[in-house]
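Novice: Sharing a structure with you now.
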Amino acid sequence: MEEFQALTMKDIAAQLGVSVATVSRALKDSHNISKERREMIQKYAREHNYYPNVIAEQLRHSRKKPSQIIGVIIPEFVHYYFSSILKGVEEEASRRGYRIMVAQSGETYEREVEICQSFMQNKVCGIIVSQAKDTNQYGHFEKLVENGIPLVFYDRICPALNASRVVVDDYQGAFNAVSHLVETGCRRIAFFGAPMSLEISQNRYNGYKDALYKHGLTPEEELTVICDNYEDARKRAPELLRADNRPDAFFTVNDDTAIGVLYSAKELGLRVPDDVAVCGFGNDTHAVSCDPMLTTVEQRGVDVGREAATVLIDTVEGVLPIDHAAKRVVKTRLIVRGTTREA
């Protein structure tokens with residue numbers, strides 16, 4: 001996809017040798033300048049992807065004091081974790097006099113690029129983003145930084161960019177969860193994770209692996225599966241659960257995947273947690289609506305959102321230097337419920 005440029009009326013004026021006022025009139029199709037000049041300027045603007053500052057235009061015609069606008073990109077609205085982060089962002093932004101503009105990438109790179117382009121067109125003061133699963137090119141993020149737009153990543157960070165980030169302690173959360181499984185008698189623990197291109201999946205896998213090593217166990221390749229949603233868990237879990245040497249526990253990258261494992265096990269006539277234990281990651285609303293209720297790692301999404309908004313606004317207001325990559329970590333907490341055995 002072609003990258004975008006933050007072209008201004010001043011740039012157009014300089015290129016065409018006219019005044020900024022003339023460019024402004026031409027783009028508004030004013031008849032105070034000649035038709036030929038209007039068409040020349042409009043044609044140049046179209047060919048070079050010029051977009052008007054929509055928000056600034058609206059504010060010029062408003063008597064209200066203008067509010068700063070923060071762009072927020074979330075992968076999917078349906079996930080409790082992302083909606084809780086959004087709640088935290090909105091609360092902190094509102095408290096400090098900012099508004100938010102929210103868009104969903106739908107877990108696709110192409111849509112993520114379009115959203116960044118739209119946010120640039122609307123002259124947001126900064127962007128808070130969790131990158132899409134299939135994003136492996138980062139030119140759209142680099143362009144934002146080049147144009148002086150502060151970026152704060154949450155949950156899924158961009159490894160190619162030294163940008164501010166707010167994450168949970170994925171490694172420690174996974175380590176504690178798997179240690180709990182081992183300490184309650186589990187020995188063959190499967191890991192259902194997201195693609196390893198994502199840093200959160202790497203960190204959670206490393207926590208899983210190191211917890212096994214600490215307790216004298218060895219990770220088994222056939223028990224490590226890329227599976228990070230309910231539907232895939234319903235397909236993949238039965239393959240392992242029907243094996244003669246089946247796992248006696250599952251640690252999964254999120255709660256939806258864990259619940260998929262839980263119901264697969266129950267359909268096969270296995271008792272949870274006696275025959276197989278299950279632990280998720282997230283502590284979303286589904287964790288207490290399944291039977292038995294899910295043992296999981298609480299991520300505290302609202303706190304992540306508040307912290308991300310704090311870092312961004314502090315950068316916008318000069319409290320933090322724009323070239324300083326702030327790194328904030330929010331602690332997790334293991335919540336033990338009915339899908340794991342008692343210690």
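So you can find residues: chains in the structure tokens are A, B, ... in the order shown, residues in each start at 1, and ligands are numbered from 1 in order.
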Pick out the residues sitting within 10 Å of A:Val168, and hand them over as a list in words; count only C-alpha atoms, and ignore anything fewer than 4 positions along from it in its own chain.
Specialist: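 Near A:Val168, the qualifying residues are Tyr154, Asp155, Gln172, Gly173, Ile200, Glu298, Gln299, Arg300, Gly301, Asp303, Val304, Arg328, Val329, Val330, Lys331 and Thr332 of chain A.
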Novice: Okay, now the selection with C-alpha atoms, as an mmCIF file, in the first residue's frame?
Specialist:
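After the write, part_2.cif holds the following:
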data_model
loop_
_atom_site.group_PDB
_atom_site.id
_atom_site.type_symbol
_atom_site.label_atom_id
_atom_site.label_comp_id
_atom_site.auth_asym_id
_atom_site.auth_seq_id
_atom_site.Cartn_x
_atom_site.Cartn_y
_atom_site.Cartn_z
ATOM 1 C CA TYR A 154 -0.226 -0.817 24.316
ATOM 2 C CA ASP A 155 -0.541 -4.602 24.526
ATOM 3 C CA GLN A 172 5.616 -12.835 35.090
ATOM 4 C CA GLY A 173 1.889 -13.384 34.673
ATOM 5 C CA ILE A 200 3.169 -10.595 24.021
ATOM 6 C CA GLU A 298 -5.946 -10.461 35.469
ATOM 7 C CA GLN A 299 -4.557 -7.830 33.076
ATOM 8 C CA ARG A 300 -6.148 -4.666 34.546
ATOM 9 C CA GLY A 301 -7.013 -3.148 31.183
ATOM 10 C CA ASP A 303 -5.140 0.777 34.316
ATOM 11 C CA VAL A 304 -3.304 0.102 31.048
ATOM 12 C CA ARG A 328 5.485 1.433 31.641
ATOM 13 C CA VAL A 329 4.572 -2.012 32.980
ATOM 14 C CA VAL A 330 1.265 -2.768 34.719
ATOM 15 C CA LYS A 331 1.349 -5.673 37.170
ATOM 16 C CA THR A 332 -0.834 -8.745 36.648
#
Novice: Report as a Markdown table: every residue of stretch 7-91 of chain A with an atom at most 6 Å from stretch 126-149 of chain A, its closest pair of atoms, and their distance in Å to one decimal, counting only C-alpha atoms, with rows sorted by chain and ascending residue number.
Specialist:
| residue | atom | partner | partner_atom | distance |
| --- | --- | --- | --- | --- |
| A:Ile70 | CA | A:Gly126 | CA | 5.3 |
| A:Gly71 | CA | A:Ile127 | CA | 4.6 |
| A:Val72 | CA | A:Ile128 | CA | 4.8 |
| A:Ile73 | CA | A:Val129 | CA | 4.7 |
| A:Ile74 | CA | A:Ser130 | CA | 5.8 |
| A:Pro75 | CA | A:Ala132 | CA | 5.7 |
Novice: Step one, run DSSP on the backbone; step two, keep only residues of stretch 132-340 of chain A assigned to alpha helix (DSSP H); then write them as a VMD selection string.
Specialist: chain A and resid 139 to 146 170 to 183 199 to 214 230 to 241 255 to 267 301 to 316
Novice: Name the residues of stretch 85-276 of chain A that fall into strand (DSSP E or B) according to DSSP on the backbone, using the chain letters and numbers of this document, as number ranges by chain.
Specialist: A: 98-104, 126-129, 151-154, 164-168, 189-193, 224-226, 249-252
Novice: Take the residues that were just selected and, keeping N, CA and C atoms, output them as an mmCIF file, in the first residue's frame.
Specialist:
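This is the output file again30.cif:
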data_model
loop_
_atom_site.group_PDB
_atom_site.id
_atom_site.type_symbol
_atom_site.label_atom_id
_atom_site.label_comp_id
_atom_site.auth_asym_id
_atom_site.auth_seq_id
_atom_site.Cartn_x
_atom_site.Cartn_y
_atom_site.Cartn_z
ATOM 1 N N TYR A 98 -9.130 16.323 27.161
ATOM 2 C CA TYR A 98 -8.946 15.815 25.804
ATOM 3 C C TYR A 98 -10.142 14.956 25.401
ATOM 4 N N ARG A 99 -10.322 14.824 24.099
ATOM 5 C CA ARG A 99 -11.315 13.908 23.552
ATOM 6 C C ARG A 99 -10.597 12.814 22.763
ATOM 7 N N ILE A 100 -11.323 11.722 22.510
ATOM 8 C CA ILE A 100 -10.707 10.634 21.755
ATOM 9 C C ILE A 100 -11.485 10.351 20.474
ATOM 10 N N MET A 101 -10.767 9.920 19.467
ATOM 11 C CA MET A 101 -11.333 9.462 18.200
ATOM 12 C C MET A 101 -10.895 8.005 18.043
ATOM 13 N N VAL A 102 -11.851 7.085 17.985
ATOM 14 C CA VAL A 102 -11.551 5.655 18.069
ATOM 15 C C VAL A 102 -11.822 4.964 16.740
ATOM 16 N N ALA A 103 -10.941 4.054 16.366
ATOM 17 C CA ALA A 103 -11.131 3.250 15.150
ATOM 18 C C ALA A 103 -10.650 1.826 15.410
ATOM 19 N N GLN A 104 -11.245 0.879 14.686
ATOM 20 C CA GLN A 104 -10.942 -0.544 14.825
ATOM 21 C C GLN A 104 -10.193 -1.034 13.584
ATOM 22 N N GLY A 126 -1.983 13.020 18.915
ATOM 23 C CA GLY A 126 -1.191 11.837 19.212
ATOM 24 C C GLY A 126 -2.042 10.601 19.012
ATOM 25 N N ILE A 127 -1.397 9.426 18.989
ATOM 26 C CA ILE A 127 -2.116 8.181 18.715
ATOM 27 C C ILE A 127 -1.716 7.114 19.728
ATOM 28 N N ILE A 128 -2.718 6.411 20.252
ATOM 29 C CA ILE A 128 -2.533 5.258 21.125
ATOM 30 C C ILE A 128 -2.968 4.036 20.326
ATOM 31 N N VAL A 129 -2.113 3.017 20.222
ATOM 32 C CA VAL A 129 -2.395 1.933 19.284
ATOM 33 C C VAL A 129 -1.890 0.584 19.786
ATOM 34 N N LEU A 151 3.394 8.719 19.572
ATOM 35 C CA LEU A 151 2.800 7.384 19.519
ATOM 36 C C LEU A 151 2.988 6.691 20.861
ATOM 37 N N VAL A 152 1.959 6.026 21.320
ATOM 38 C CA VAL A 152 2.082 5.156 22.489
ATOM 39 C C VAL A 152 1.451 3.820 22.128
ATOM 40 N N PHE A 153 2.230 2.740 22.196
ATOM 41 C CA PHE A 153 1.716 1.400 21.945
ATOM 42 C C PHE A 153 1.259 0.776 23.250
ATOM 43 N N TYR A 154 0.207 -0.037 23.167
ATOM 44 C CA TYR A 154 -0.226 -0.817 24.316
ATOM 45 C C TYR A 154 -0.456 -2.258 23.862
ATOM 46 N N SER A 164 7.103 4.884 22.771
ATOM 47 C CA SER A 164 6.564 4.665 24.113
ATOM 48 C C SER A 164 5.604 3.485 24.111
ATOM 49 N N ARG A 165 5.550 2.786 25.244
ATOM 50 C CA ARG A 165 4.694 1.608 25.334
ATOM 51 C C ARG A 165 4.183 1.435 26.759
ATOM 52 N N VAL A 166 2.985 0.860 26.846
ATOM 53 C CA VAL A 166 2.419 0.472 28.136
ATOM 54 C C VAL A 166 1.954 -0.970 27.977
ATOM 55 N N VAL A 167 2.528 -1.864 28.758
ATOM 56 C CA VAL A 167 2.215 -3.285 28.654
ATOM 57 C C VAL A 167 1.989 -3.862 30.046
ATOM 58 N N VAL A 168 1.402 -5.044 30.090
ATOM 59 C CA VAL A 168 1.331 -5.767 31.359
ATOM 60 C C VAL A 168 2.556 -6.662 31.448
ATOM 61 N N ILE A 189 1.781 -29.812 30.496
ATOM 62 C CA ILE A 189 1.005 -28.577 30.345
ATOM 63 C C ILE A 189 1.152 -28.058 28.923
ATOM 64 N N ALA A 190 0.025 -27.982 28.211
ATOM 65 C CA ALA A 190 0.027 -27.462 26.840
ATOM 66 C C ALA A 190 -0.022 -25.937 26.855
ATOM 67 N N PHE A 191 0.583 -25.342 25.838
ATOM 68 C CA PHE A 191 0.554 -23.885 25.674
ATOM 69 C C PHE A 191 -0.171 -23.556 24.380
ATOM 70 N N PHE A 192 -1.291 -22.839 24.461
ATOM 71 C CA PHE A 192 -2.012 -22.337 23.290
ATOM 72 C C PHE A 192 -1.752 -20.836 23.210
ATOM 73 N N GLY A 193 -0.993 -20.415 22.193
ATOM 74 C CA GLY A 193 -0.571 -19.019 22.119
ATOM 75 C C GLY A 193 -0.861 -18.360 20.786
ATOM 76 N N THR A 224 3.011 -27.211 22.216
ATOM 77 C CA THR A 224 3.008 -25.772 21.928
ATOM 78 C C THR A 224 2.267 -25.548 20.614
ATOM 79 N N VAL A 225 1.130 -24.872 20.678
ATOM 80 C CA VAL A 225 0.228 -24.752 19.524
ATOM 81 C C VAL A 225 -0.123 -23.282 19.306
ATOM 82 N N ILE A 226 -0.069 -22.834 18.048
ATOM 83 C CA ILE A 226 -0.548 -21.488 17.718
ATOM 84 C C ILE A 226 -2.066 -21.561 17.628
ATOM 85 N N ALA A 249 -3.070 -30.334 31.632
ATOM 86 C CA ALA A 249 -3.380 -28.919 31.860
ATOM 87 C C ALA A 249 -3.133 -28.138 30.571
ATOM 88 N N PHE A 250 -3.816 -26.996 30.464
ATOM 89 C CA PHE A 250 -3.626 -26.060 29.349
ATOM 90 C C PHE A 250 -3.429 -24.666 29.931
ATOM 91 N N PHE A 251 -2.404 -23.970 29.439
ATOM 92 C CA PHE A 251 -2.263 -22.546 29.706
ATOM 93 C C PHE A 251 -2.440 -21.828 28.378
ATOM 94 N N THR A 252 -3.378 -20.884 28.317
ATOM 95 C CA THR A 252 -3.710 -20.252 27.043
ATOM 96 C C THR A 252 -3.465 -18.744 27.085
#
Novice: Go through A:Asp314, A:Asp323, A:Asp248, A:Glu183 and flag the residue nearest A:Gly216, using only C-alpha atoms for the distances.
Specialist: A:Glu183
Novice: Name the closest residue to A:Gly207 among the candidates A:Ala194, A:Val336, A:Ala243, A:Ala174; distances are taken between atoms, counting only C-alpha atoms.
Specialist: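 Closest to A:Gly207 of all the choices is A:Ala174.
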